[in-house]
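Okay, input-v3.cif is below, mmCIF, C-alpha atoms:
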data_final
#
loop_
_atom_site.group_PDB
_atom_site.id
_atom_site.type_symbol
_atom_site.label_atom_id
_atom_site.label_comp_id
_atom_site.auth_asym_id
_atom_site.auth_seq_id
_atom_site.Cartn_x
_atom_site.Cartn_y
_atom_site.Cartn_z
ATOM 1 C CA MET R 1 0.000 0.000 0.000
ATOM 2 C CA ARG R 2 2.716 2.449 0.998
ATOM 3 C CA THR R 3 4.739 1.435 -2.096
ATOM 4 C CA ALA R 4 1.788 2.123 -4.441
ATOM 5 C CA LEU R 5 1.185 5.534 -2.870
ATOM 6 C CA PHE R 6 4.857 6.396 -3.245
ATOM 7 C CA ARG R 7 4.738 5.447 -6.944
ATOM 8 C CA LEU R 8 1.677 7.673 -7.503
ATOM 9 C CA LEU R 9 3.379 10.627 -5.812
ATOM 10 C CA SER R 10 6.548 10.111 -7.885
ATOM 11 C CA LEU R 11 4.541 10.023 -11.123
ATOM 12 C CA ALA R 12 2.698 13.231 -10.219
ATOM 13 C CA LEU R 13 5.954 14.984 -9.395
ATOM 14 C CA ALA R 14 7.506 13.922 -12.732
ATOM 15 C CA LEU R 15 4.502 15.248 -14.690
ATOM 16 C CA ALA R 16 4.703 18.552 -12.842
ATOM 17 C CA LEU R 17 8.387 18.924 -13.688
ATOM 18 C CA LEU R 18 7.766 18.162 -17.374
ATOM 19 C CA THR R 19 5.026 20.747 -17.540
ATOM 20 C CA ALA R 20 7.208 23.416 -15.910
ATOM 21 C CA CYS R 21 10.077 22.785 -18.305
ATOM 22 C CA ALA R 22 7.990 22.756 -21.500
ATOM 23 C CA PRO R 23 8.359 25.843 -23.779
ATOM 24 C CA ALA R 24 5.685 28.467 -23.449
ATOM 25 C CA ALA R 25 2.961 28.450 -26.109
ATOM 26 C CA THR R 26 3.484 30.982 -28.943
ATOM 27 C CA GLU R 27 0.856 33.705 -29.103
ATOM 28 C CA THR R 28 -0.509 34.320 -32.602
ATOM 29 C CA VAL R 29 -0.856 38.053 -33.367
ATOM 30 C CA THR R 30 -3.177 39.027 -36.216
ATOM 31 C CA PRO R 31 -2.146 42.321 -37.814
ATOM 32 C CA PRO R 32 -4.877 44.955 -37.899
ATOM 33 C CA THR R 33 -6.666 45.300 -41.234
ATOM 34 C CA SER R 34 -6.965 49.060 -40.853
ATOM 35 C CA LEU R 35 -5.610 51.851 -38.743
ATOM 36 C CA PRO R 36 -7.692 53.016 -35.796
ATOM 37 C CA PRO R 37 -9.501 56.294 -36.441
ATOM 38 C CA SER R 38 -7.000 58.256 -34.336
ATOM 39 C CA ALA R 39 -4.038 56.965 -36.409
ATOM 40 C CA THR R 40 -5.521 57.437 -39.883
ATOM 41 C CA PRO R 41 -3.385 60.011 -41.735
ATOM 42 C CA ALA R 42 -5.328 63.168 -42.465
ATOM 43 C CA PRO R 43 -5.204 64.554 -46.016
ATOM 44 C CA PRO R 44 -3.515 67.922 -46.452
ATOM 45 C CA THR R 45 -5.877 70.811 -46.022
ATOM 46 C CA ASP R 46 -3.960 73.503 -47.887
ATOM 47 C CA THR R 47 -4.555 72.102 -51.390
ATOM 48 C CA PRO R 48 -7.534 69.717 -51.322
ATOM 49 C CA LEU R 49 -7.819 67.513 -54.386
ATOM 50 C CA PRO R 50 -11.164 67.026 -56.098
ATOM 51 C CA PRO R 51 -12.624 63.512 -56.118
ATOM 52 C CA THR R 52 -11.765 63.211 -59.827
ATOM 53 C CA ALA R 53 -8.045 63.367 -59.061
ATOM 54 C CA THR R 54 -7.897 60.283 -56.850
ATOM 55 C CA PRO R 55 -6.024 57.243 -58.207
ATOM 56 C CA SER R 56 -8.008 55.115 -60.635
ATOM 57 C CA PRO R 57 -7.790 51.322 -61.045
ATOM 58 C CA THR R 58 -5.402 49.983 -63.655
ATOM 59 C CA ASN R 59 -6.636 50.617 -67.221
ATOM 60 C CA ALA R 60 -9.498 52.784 -65.967
ATOM 61 C CA PRO R 61 -9.870 56.085 -67.819
ATOM 62 C CA PRO R 62 -8.725 59.234 -66.018
ATOM 63 C CA PRO R 63 -11.101 62.120 -65.306
ATOM 64 C CA GLU R 64 -12.643 64.183 -68.082
ATOM 65 C CA PRO R 65 -10.782 67.359 -69.130
ATOM 66 C CA VAL R 66 -11.621 70.560 -67.278
ATOM 67 C CA ALA R 67 -11.761 74.047 -68.798
ATOM 68 C CA VAL R 68 -9.436 76.484 -67.013
ATOM 69 C CA THR R 69 -9.318 80.274 -67.206
ATOM 70 C CA PHE R 70 -6.171 81.990 -65.948
ATOM 71 C CA THR R 71 -4.753 85.511 -65.973
ATOM 72 C CA THR R 72 -1.358 86.805 -67.094
ATOM 73 C CA GLU R 73 0.747 89.293 -65.174
ATOM 74 C CA ASP R 74 -0.615 92.126 -67.309
ATOM 75 C CA GLY R 75 -4.224 91.142 -66.615
ATOM 76 C CA VAL R 76 -5.149 89.233 -69.788
ATOM 77 C CA ALA R 77 -7.541 86.301 -69.288
ATOM 78 C CA LEU R 78 -6.592 83.162 -71.237
ATOM 79 C CA ASN R 79 -8.391 79.887 -71.845
ATOM 80 C CA GLY R 80 -6.840 76.518 -71.100
ATOM 81 C CA MET R 81 -7.817 72.871 -70.837
ATOM 82 C CA TYR R 82 -6.613 70.566 -68.063
ATOM 83 C CA TYR R 83 -6.453 66.802 -68.619
ATOM 84 C CA PRO R 84 -5.907 65.262 -65.146
ATOM 85 C CA ALA R 85 -3.929 62.056 -64.817
ATOM 86 C CA ALA R 86 -5.405 58.886 -63.354
ATOM 87 C CA ILE R 87 -3.028 59.235 -60.391
ATOM 88 C CA THR R 88 -2.299 61.992 -57.919
ATOM 89 C CA SER R 89 1.020 63.864 -57.773
ATOM 90 C CA ALA R 90 1.437 63.288 -61.494
ATOM 91 C CA PRO R 91 3.953 65.053 -63.734
ATOM 92 C CA VAL R 92 2.387 67.529 -66.152
ATOM 93 C CA VAL R 93 3.083 68.323 -69.807
ATOM 94 C CA VAL R 94 2.314 71.826 -71.108
ATOM 95 C CA LEU R 95 1.404 71.783 -74.828
ATOM 96 C CA ILE R 96 1.811 75.026 -76.805
ATOM 97 C CA HIS R 97 0.264 75.538 -80.245
ATOM 98 C CA TRP R 98 1.681 77.116 -83.385
ATOM 99 C CA VAL R 99 0.678 80.394 -85.035
ATOM 100 C CA ALA R 100 -1.790 78.612 -87.329
ATOM 101 C CA GLY R 101 -3.992 77.295 -84.529
ATOM 102 C CA ASP R 102 -4.937 77.281 -80.863
ATOM 103 C CA LEU R 103 -5.300 74.762 -78.031
ATOM 104 C CA HIS R 104 -7.534 72.578 -80.222
ATOM 105 C CA ASP R 105 -4.476 71.484 -82.187
ATOM 106 C CA TRP R 106 -3.842 69.141 -79.239
ATOM 107 C CA ASP R 107 -7.373 67.700 -79.041
ATOM 108 C CA ALA R 108 -6.095 64.213 -79.910
ATOM 109 C CA ILE R 109 -2.546 64.328 -78.553
ATOM 110 C CA ALA R 110 -3.553 65.615 -75.096
ATOM 111 C CA PRO R 111 -6.017 62.785 -74.294
ATOM 112 C CA TRP R 112 -3.619 60.292 -75.896
ATOM 113 C CA LEU R 113 -0.893 61.308 -73.444
ATOM 114 C CA GLN R 114 -3.425 61.400 -70.616
ATOM 115 C CA LYS R 115 -4.587 57.884 -71.630
ATOM 116 C CA SER R 116 -8.257 58.808 -71.550
ATOM 117 C CA LYS R 117 -9.024 55.987 -73.992
ATOM 118 C CA PRO R 118 -7.993 52.313 -73.881
ATOM 119 C CA GLN R 119 -4.881 51.881 -76.006
ATOM 120 C CA ALA R 120 -6.705 49.390 -78.238
ATOM 121 C CA SER R 121 -9.197 52.077 -79.312
ATOM 122 C CA LEU R 122 -7.383 55.382 -79.206
ATOM 123 C CA GLY R 123 -9.578 58.382 -79.770
ATOM 124 C CA TRP R 124 -10.856 61.606 -78.303
ATOM 125 C CA SER R 125 -14.090 62.169 -76.453
ATOM 126 C CA ASP R 126 -17.256 63.489 -78.065
ATOM 127 C CA ALA R 127 -16.815 66.598 -75.942
ATOM 128 C CA ALA R 128 -13.420 67.285 -77.514
ATOM 129 C CA VAL R 129 -14.849 66.900 -81.022
ATOM 130 C CA SER R 130 -17.700 69.293 -80.287
ATOM 131 C CA ARG R 131 -15.270 71.897 -78.909
ATOM 132 C CA ARG R 132 -12.962 71.862 -81.912
ATOM 133 C CA PRO R 133 -13.611 74.402 -84.692
ATOM 134 C CA GLN R 134 -14.221 72.881 -88.111
ATOM 135 C CA THR R 135 -11.246 74.837 -89.452
ATOM 136 C CA VAL R 136 -8.802 72.680 -87.449
ATOM 137 C CA SER R 137 -7.588 69.610 -89.349
ATOM 138 C CA GLY R 138 -4.470 67.513 -89.766
ATOM 139 C CA PRO R 139 -3.079 63.999 -89.189
ATOM 140 C CA TRP R 140 -2.236 64.965 -85.606
ATOM 141 C CA LEU R 141 -6.004 64.932 -84.971
ATOM 142 C CA ASP R 142 -6.343 61.281 -86.056
ATOM 143 C CA PRO R 143 -5.168 59.130 -83.137
ATOM 144 C CA SER R 144 -5.736 55.839 -84.956
ATOM 145 C CA TRP R 145 -2.043 55.709 -85.890
ATOM 146 C CA PHE R 146 -0.616 56.975 -82.583
ATOM 147 C CA PRO R 147 1.763 54.619 -80.727
ATOM 148 C CA PRO R 148 0.551 53.122 -77.426
ATOM 149 C CA VAL R 149 1.538 54.961 -74.254
ATOM 150 C CA PRO R 150 3.573 52.721 -71.901
ATOM 151 C CA PRO R 151 1.557 51.460 -68.910
ATOM 152 C CA ASP R 152 3.989 52.987 -66.422
ATOM 153 C CA LEU R 153 3.804 56.478 -67.954
ATOM 154 C CA ASN R 154 1.035 58.510 -66.309
ATOM 155 C CA VAL R 155 0.971 62.239 -66.954
ATOM 156 C CA ALA R 156 -1.415 65.157 -66.715
ATOM 157 C CA VAL R 157 -1.655 67.570 -69.646
ATOM 158 C CA PHE R 158 -2.344 71.298 -69.828
ATOM 159 C CA THR R 159 -3.098 73.129 -73.075
ATOM 160 C CA PHE R 160 -3.928 76.794 -73.592
ATOM 161 C CA THR R 161 -4.472 79.413 -76.274
ATOM 162 C CA LEU R 162 -2.078 82.339 -76.651
ATOM 163 C CA ARG R 163 -3.665 85.779 -76.732
ATOM 164 C CA GLY R 164 -5.028 86.829 -80.111
ATOM 165 C CA CYS R 165 -5.122 83.236 -81.376
ATOM 166 C CA GLU R 166 -8.629 82.141 -80.385
ATOM 167 C CA GLY R 167 -11.044 80.584 -82.845
ATOM 168 C CA GLY R 168 -8.887 78.011 -84.629
ATOM 169 C CA LYS R 169 -8.051 80.269 -87.588
ATOM 170 C CA GLY R 170 -4.591 81.275 -86.438
ATOM 171 C CA CYS R 171 -3.174 84.199 -84.515
ATOM 172 C CA LYS R 172 -4.429 87.618 -85.603
ATOM 173 C CA SER R 173 -1.199 89.437 -84.778
ATOM 174 C CA TRP R 174 2.461 88.746 -83.970
ATOM 175 C CA ASP R 175 3.065 89.392 -80.250
ATOM 176 C CA PRO R 176 6.308 87.698 -79.083
ATOM 177 C CA ILE R 177 6.669 89.666 -75.831
ATOM 178 C CA ASP R 178 3.046 89.126 -74.860
ATOM 179 C CA TRP R 179 3.213 85.449 -75.810
ATOM 180 C CA LEU R 180 6.128 85.036 -73.414
ATOM 181 C CA LYS R 181 3.928 86.514 -70.683
ATOM 182 C CA ASP R 182 1.185 84.069 -71.634
ATOM 183 C CA THR R 183 3.633 81.167 -71.514
ATOM 184 C CA GLN R 184 4.965 82.127 -68.095
ATOM 185 C CA ALA R 185 1.417 82.351 -66.750
ATOM 186 C CA ALA R 186 0.596 78.958 -68.279
ATOM 187 C CA PHE R 187 3.571 77.300 -66.564
ATOM 188 C CA GLN R 188 2.586 78.843 -63.232
ATOM 189 C CA THR R 189 -1.008 77.696 -63.718
ATOM 190 C CA ALA R 190 0.042 74.152 -64.660
ATOM 191 C CA ALA R 191 2.234 73.915 -61.549
ATOM 192 C CA GLY R 192 -0.727 74.810 -59.334
ATOM 193 C CA LEU R 193 -3.330 72.463 -60.816
ATOM 194 C CA PRO R 194 -4.862 69.900 -58.425
ATOM 195 C CA GLY R 195 -3.281 66.470 -58.682
ATOM 196 C CA VAL R 196 -0.074 67.805 -60.302
ATOM 197 C CA ASP R 197 3.452 67.419 -58.951
ATOM 198 C CA PRO R 198 4.854 70.957 -59.393
ATOM 199 C CA SER R 199 8.424 69.648 -59.303
ATOM 200 C CA ARG R 200 7.908 67.663 -62.526
ATOM 201 C CA ILE R 201 6.868 69.882 -65.433
ATOM 202 C CA THR R 202 7.807 69.600 -69.097
ATOM 203 C CA ALA R 203 6.586 71.326 -72.249
ATOM 204 C CA MET R 204 6.132 70.612 -75.931
ATOM 205 C CA GLY R 205 5.413 73.136 -78.654
ATOM 206 C CA ALA R 206 5.290 73.678 -82.405
ATOM 207 C CA SER R 207 6.753 76.652 -84.301
ATOM 208 C CA ILE R 208 6.160 79.675 -82.015
ATOM 209 C CA GLY R 209 5.270 77.056 -79.406
ATOM 210 C CA ALA R 210 8.598 75.356 -80.125
ATOM 211 C CA ASP R 211 10.288 78.460 -78.772
ATOM 212 C CA ALA R 212 7.698 79.077 -76.065
ATOM 213 C CA ALA R 213 8.295 75.582 -74.630
ATOM 214 C CA PRO R 214 12.041 75.956 -73.810
ATOM 215 C CA ASP R 215 11.723 79.722 -73.217
ATOM 216 C CA GLY R 216 8.889 79.172 -70.762
ATOM 217 C CA CYS R 217 10.753 76.304 -69.124
ATOM 218 C CA TYR R 218 13.801 78.513 -68.624
ATOM 219 C CA LEU R 219 11.796 81.488 -67.318
ATOM 220 C CA HIS R 220 9.783 79.240 -65.017
ATOM 221 C CA ASN R 221 12.965 77.855 -63.480
ATOM 222 C CA LYS R 222 14.452 81.340 -63.135
ATOM 223 C CA ALA R 223 11.348 82.255 -61.137
ATOM 224 C CA GLY R 224 11.900 79.320 -58.764
ATOM 225 C CA GLY R 225 9.855 76.679 -60.566
ATOM 226 C CA SER R 226 10.847 73.182 -61.633
ATOM 227 C CA CYS R 227 10.645 72.502 -65.363
ATOM 228 C CA LEU R 228 12.637 69.438 -66.406
ATOM 229 C CA GLY R 229 12.816 70.066 -70.144
ATOM 230 C CA ALA R 230 11.051 70.735 -73.423
ATOM 231 C CA ILE R 231 10.384 69.346 -76.900
ATOM 232 C CA ALA R 232 10.689 71.902 -79.708
ATOM 233 C CA LEU R 233 9.056 71.133 -83.075
ATOM 234 C CA SER R 234 10.598 73.625 -85.542
ATOM 235 C CA PRO R 235 11.864 76.498 -83.377
ATOM 236 C CA GLY R 236 13.266 79.694 -84.873
ATOM 237 C CA SER R 237 13.895 82.080 -81.975
ATOM 238 C CA TYR R 238 10.454 83.450 -82.864
ATOM 239 C CA LEU R 239 9.722 84.981 -79.454
ATOM 240 C CA GLY R 240 12.839 87.133 -79.231
ATOM 241 C CA MET R 241 14.881 84.776 -77.044
ATOM 242 C CA ASN R 242 17.801 83.196 -78.884
ATOM 243 C CA PHE R 243 17.214 79.432 -78.998
ATOM 244 C CA LYS R 244 20.922 78.531 -78.911
ATOM 245 C CA GLN R 245 21.478 80.771 -75.892
ATOM 246 C CA VAL R 246 18.448 79.378 -74.070
ATOM 247 C CA VAL R 247 19.806 75.843 -74.518
ATOM 248 C CA ALA R 248 23.229 76.940 -73.263
ATOM 249 C CA ASP R 249 21.747 78.760 -70.257
ATOM 250 C CA MET R 250 19.582 75.765 -69.383
ATOM 251 C CA GLU R 251 22.693 73.558 -69.431
ATOM 252 C CA LYS R 252 24.643 76.014 -67.300
ATOM 253 C CA GLU R 253 22.009 77.035 -64.755
ATOM 254 C CA PHE R 254 19.773 73.961 -64.698
ATOM 255 C CA PRO R 255 21.962 71.020 -65.773
ATOM 256 C CA ALA R 256 19.247 68.410 -65.179
ATOM 257 C CA THR R 257 16.985 69.871 -67.881
ATOM 258 C CA ALA R 258 16.728 68.444 -71.398
ATOM 259 C CA ILE R 259 15.733 69.978 -74.730
ATOM 260 C CA TRP R 260 15.005 67.865 -77.810
ATOM 261 C CA CYS R 261 14.788 69.746 -81.113
ATOM 262 C CA PHE R 262 13.008 68.600 -84.287
ATOM 263 C CA ALA R 263 13.380 70.155 -87.752
ATOM 264 C CA ALA R 264 13.257 69.318 -91.456
ATOM 265 C CA THR R 265 16.168 69.939 -93.816
ATOM 266 C CA GLY R 266 14.056 72.212 -96.020
ATOM 267 C CA ASP R 267 12.966 74.460 -93.128
ATOM 268 C CA ARG R 268 15.168 77.533 -93.577
ATOM 269 C CA ASP R 269 14.548 78.791 -90.033
ATOM 270 C CA SER R 270 14.303 75.677 -87.904
ATOM 271 C CA TYR R 271 16.974 73.491 -89.512
ATOM 272 C CA PRO R 272 19.893 75.823 -88.672
ATOM 273 C CA THR R 273 18.287 76.705 -85.324
ATOM 274 C CA CYS R 274 18.310 73.067 -84.213
ATOM 275 C CA ASN R 275 21.792 72.403 -85.590
ATOM 276 C CA ASN R 276 23.432 75.444 -84.009
ATOM 277 C CA ALA R 277 22.526 74.549 -80.427
ATOM 278 C CA SER R 278 24.379 71.969 -78.332
ATOM 279 C CA GLY R 279 24.595 70.573 -74.830
ATOM 280 C CA ALA R 280 24.962 67.433 -72.735
ATOM 281 C CA ASN R 281 21.184 66.990 -72.493
ATOM 282 C CA TYR R 282 20.366 68.424 -75.919
ATOM 283 C CA LYS R 283 19.310 66.241 -78.868
ATOM 284 C CA THR R 284 18.378 66.990 -82.471
ATOM 285 C CA PHE R 285 16.117 64.941 -84.744
ATOM 286 C CA ILE R 286 16.216 65.944 -88.404
ATOM 287 C CA GLY R 287 13.753 64.882 -91.095
ATOM 288 C CA GLU R 288 13.606 65.412 -94.834
ATOM 289 C CA GLY R 289 11.444 67.851 -96.783
ATOM 290 C CA MET R 290 9.869 71.112 -95.678
ATOM 291 C CA GLU R 291 7.681 69.928 -92.801
ATOM 292 C CA HIS R 292 7.216 72.509 -90.078
ATOM 293 C CA GLY R 293 5.678 72.445 -86.621
ATOM 294 C CA MET R 294 2.579 70.271 -86.422
ATOM 295 C CA THR R 295 3.068 68.882 -89.936
ATOM 296 C CA MET R 296 6.006 66.868 -88.603
ATOM 297 C CA ILE R 297 3.406 64.813 -86.730
ATOM 298 C CA GLN R 298 2.149 62.466 -89.431
ATOM 299 C CA PRO R 299 2.189 58.700 -90.036
ATOM 300 C CA GLY R 300 5.273 57.374 -91.774
ATOM 301 C CA TYR R 301 7.356 60.506 -91.250
ATOM 302 C CA GLU R 302 10.854 60.203 -89.827
ATOM 303 C CA PRO R 303 11.692 61.138 -87.134
ATOM 304 C CA LYS R 304 8.692 59.605 -85.406
ATOM 305 C CA VAL R 305 7.725 62.562 -83.260
ATOM 306 C CA LEU R 306 5.160 60.860 -81.043
ATOM 307 C CA ASP R 307 7.321 57.801 -80.347
ATOM 308 C CA LEU R 308 10.199 60.086 -79.391
ATOM 309 C CA THR R 309 7.860 62.189 -77.264
ATOM 310 C CA LEU R 310 7.107 59.119 -75.160
ATOM 311 C CA GLU R 311 10.834 58.365 -74.920
ATOM 312 C CA PHE R 312 11.508 61.947 -73.826
ATOM 313 C CA LEU R 313 8.846 61.844 -71.109
ATOM 314 C CA GLN R 314 10.092 58.525 -69.781
ATOM 315 C CA THR R 315 13.608 59.966 -69.689
ATOM 316 C CA VAL R 316 12.859 63.205 -67.871
ATOM 317 C CA PHE R 317 10.255 61.718 -65.517
ATOM 318 C CA ALA R 318 12.345 58.677 -64.569
ATOM 319 C CA PRO R 319 12.748 58.275 -60.776
#
Would you put the structure from the file into structure tokens?
Amino acid sequence: MRTALFRLLSLALALALLTACAPAATETVTPPTSLPPSATPAPPTDTPLPPTATPSPTNAPPPEPVAVTFTTEDGVALNGMYYPAAITSAPVVVLIHWVAGDLHDWDAIAPWLQKSKPQASLGWSDAAVSRRPQTVSGPWLDPSWFPPVPPDLNVAVFTFTLRGCEGGKGCKSWDPIDWLKDTQAAFQTAAGLPGVDPSRITAMGASIGADAAPDGCYLHNKAGGSCLGAIALSPGSYLGMNFKQVVADMEKEFPATAIWCFAATGDRDSYPTCNNASGANYKTFIGEGMEHGMTMIQPGYEPKVLDLTLEFLQTVFAP
């Protein structure tokens, strides 16, 4: 009897020791699926973004374009069109028309860059067609031949009409000094648009716009802005600022900026203008014939302006 009791006590003691020496059970922690209300980051209140500027799902179209009116330093009201990107804090491209047109010259290129249509069915919206004067025509308004925009390239676009150029029939007078004022105001407006990253601005222009793009980029940076470069389709120092000197000053004062120049061999103004400039971030693309400004944007023409435009944007907007 005493032996049996002793064995029971020994067994109980052994079990107790095993239990005490066993490793503690691991507690499983489930991460929270959302932050508590007190820890949820509050959106900035100084520049609230409209609901249309919030990120969209992959392949979803970005918001519809928005008409913008802005004022120059000398009090002139100008009309613009803003094409928001499908993401917030997006880089922005300022498009500047030639003397033969107005902002409607970009009615196909702007939404193409913005990716407002699926790449399989490129086109512009019915609203854009209804806005465009019947006098505006050209292969740059037929997006059926445009190259696809890379999936990782998301940009906002801002177009505007220079003073005295409204109506789609060309500019009524030649106003280089005033057009520079218009361009500076356009860059400032583009930098302040909701959903835009003001530190990532570029420009593209044709003819007078080909000078306004680098000129405006340079002046914007001199004023404390952040323009990363410009595409010039047939420049000719048309706005009073020497194109070669602007390129040199951009290289010297803002070495991270890039200017790509396009011209045709038969263009007596633009061909020597492009060839005379140089720089580490400067490139020239020369085609044959007498194409000028927007007429360089056509299917089958070399250099392929739109393909190179995408390459330029990927270069200057690279992380």
Selection result for the PyMOL selection byres ((chain R and resi 254-270) around 6) on this file, as a list in words
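Matching residues under the PyMOL selection byres ((chain R and resi 254-270) around 6) are Leu228, Gly229, Ala230, Ile231, Ala232, Leu233, Ser234, Pro235, Gly236, Met250, Glu251, Lys252, Glu253, Tyr271, Pro272, Thr273, Cys274, Asn281, Tyr282, Lys283, Thr284, Phe285, Ile286, Gly287, Glu288, Gly289, Met290 and Glu291 of chain R.
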For C-alpha atoms, I'd like the residues from the last selection saved as an mmCIF file, in the coordinates of the input.
data_model
loop_
_atom_site.group_PDB
_atom_site.id
_atom_site.type_symbol
_atom_site.label_atom_id
_atom_site.label_comp_id
_atom_site.auth_asym_id
_atom_site.auth_seq_id
_atom_site.Cartn_x
_atom_site.Cartn_y
_atom_site.Cartn_z
ATOM 1 C CA LEU R 228 12.637 69.438 -66.406
ATOM 2 C CA GLY R 229 12.816 70.066 -70.144
ATOM 3 C CA ALA R 230 11.051 70.735 -73.423
ATOM 4 C CA ILE R 231 10.384 69.346 -76.900
ATOM 5 C CA ALA R 232 10.689 71.902 -79.708
ATOM 6 C CA LEU R 233 9.056 71.133 -83.075
ATOM 7 C CA SER R 234 10.598 73.625 -85.542
ATOM 8 C CA PRO R 235 11.864 76.498 -83.377
ATOM 9 C CA GLY R 236 13.266 79.694 -84.873
ATOM 10 C CA MET R 250 19.582 75.765 -69.383
ATOM 11 C CA GLU R 251 22.693 73.558 -69.431
ATOM 12 C CA LYS R 252 24.643 76.014 -67.300
ATOM 13 C CA GLU R 253 22.009 77.035 -64.755
ATOM 14 C CA TYR R 271 16.974 73.491 -89.512
ATOM 15 C CA PRO R 272 19.893 75.823 -88.672
ATOM 16 C CA THR R 273 18.287 76.705 -85.324
ATOM 17 C CA CYS R 274 18.310 73.067 -84.213
ATOM 18 C CA ASN R 281 21.184 66.990 -72.493
ATOM 19 C CA TYR R 282 20.366 68.424 -75.919
ATOM 20 C CA LYS R 283 19.310 66.241 -78.868
ATOM 21 C CA THR R 284 18.378 66.990 -82.471
ATOM 22 C CA PHE R 285 16.117 64.941 -84.744
ATOM 23 C CA ILE R 286 16.216 65.944 -88.404
ATOM 24 C CA GLY R 287 13.753 64.882 -91.095
ATOM 25 C CA GLU R 288 13.606 65.412 -94.834
ATOM 26 C CA GLY R 289 11.444 67.851 -96.783
ATOM 27 C CA MET R 290 9.869 71.112 -95.678
ATOM 28 C CA GLU R 291 7.681 69.928 -92.801
#
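Nearest to R:Asn276 of all the residues R:Lys304, R:Met294, R:Ser237, R:Gly192 is R:Ser237, counting only C-alpha atoms.
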Let me know the residues the PyMOL selection byres ((chain R and resi 215) around 8) catches in the file above, as a PyMOL selection string.
chain R and resi 180+211-214+216-219+241+243+246
Could you list, as a PyMOL selection string, every residue matched by the PyMOL selection byres ((chain R and resi 145-160) around 6) in this structure?
chain R and resi 79-85+90-95+103+114+119+143-144+161
So that I can see what lies close to R:Ser226, please list as an mmCIF file with C-alpha atoms, in the frame of the given file the residues with an atom at most 9 Å from it, counting all atoms listed in the file and leaving out residues fewer than 2 positions away in the same chain.
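In the end it all went to result.cif:
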data_model
loop_
_atom_site.group_PDB
_atom_site.id
_atom_site.type_symbol
_atom_site.label_atom_id
_atom_site.label_comp_id
_atom_site.auth_asym_id
_atom_site.auth_seq_id
_atom_site.Cartn_x
_atom_site.Cartn_y
_atom_site.Cartn_z
ATOM 1 C CA ALA R 191 2.234 73.915 -61.549
ATOM 2 C CA PRO R 198 4.854 70.957 -59.393
ATOM 3 C CA SER R 199 8.424 69.648 -59.303
ATOM 4 C CA ARG R 200 7.908 67.663 -62.526
ATOM 5 C CA ILE R 201 6.868 69.882 -65.433
ATOM 6 C CA THR R 202 7.807 69.600 -69.097
ATOM 7 C CA CYS R 217 10.753 76.304 -69.124
ATOM 8 C CA HIS R 220 9.783 79.240 -65.017
ATOM 9 C CA ASN R 221 12.965 77.855 -63.480
ATOM 10 C CA GLY R 224 11.900 79.320 -58.764
ATOM 11 C CA LEU R 228 12.637 69.438 -66.406
#
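Remark: for R:Leu306, the closest of the candidate residues R:Val66, R:Leu193, R:Met204, R:Ala185 is R:Met204 (distances computed over all atoms listed in the file).
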Neighbours of point (-2.7, 87.4, -81.1) within 7 Å, using all atoms listed in the file, written as a list in words:
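Protein and nucleic acid residues near the point are Leu162, Arg163, Gly164, Cys165, Cys171, Lys172, Ser173, Trp174 and Asp175 of chain R.
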Would you mind exporting the chosen residues as a PDB file, keeping the file's coordinate frame, restricted to C-alpha atoms?
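Heads up, here's the output in selection_6.pdb:
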ATOM      1  CA  LEU R 162      -2.078  82.339 -76.651  1.00  0.00           C
ATOM      2  CA  ARG R 163      -3.665  85.779 -76.732  1.00  0.00           C
ATOM      3  CA  GLY R 164      -5.028  86.829 -80.111  1.00  0.00           C
ATOM      4  CA  CYS R 165      -5.122  83.236 -81.376  1.00  0.00           C
ATOM      5  CA  CYS R 171      -3.174  84.199 -84.515  1.00  0.00           C
ATOM      6  CA  LYS R 172      -4.429  87.618 -85.603  1.00  0.00           C
ATOM      7  CA  SER R 173      -1.199  89.437 -84.778  1.00  0.00           C
ATOM      8  CA  TRP R 174       2.461  88.746 -83.970  1.00  0.00           C
ATOM      9  CA  ASP R 175       3.065  89.392 -80.250  1.00  0.00           C
TER      10      ASP R 175
END
Could you work out how far atom CA of R:Asp249 lies from atom CA of R:Val76, giving the answer in Å with one decimal?
28.9 Å
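One finds atom CA of R:Tyr238 at 8.7 Å from atom CA of R:Ala210.
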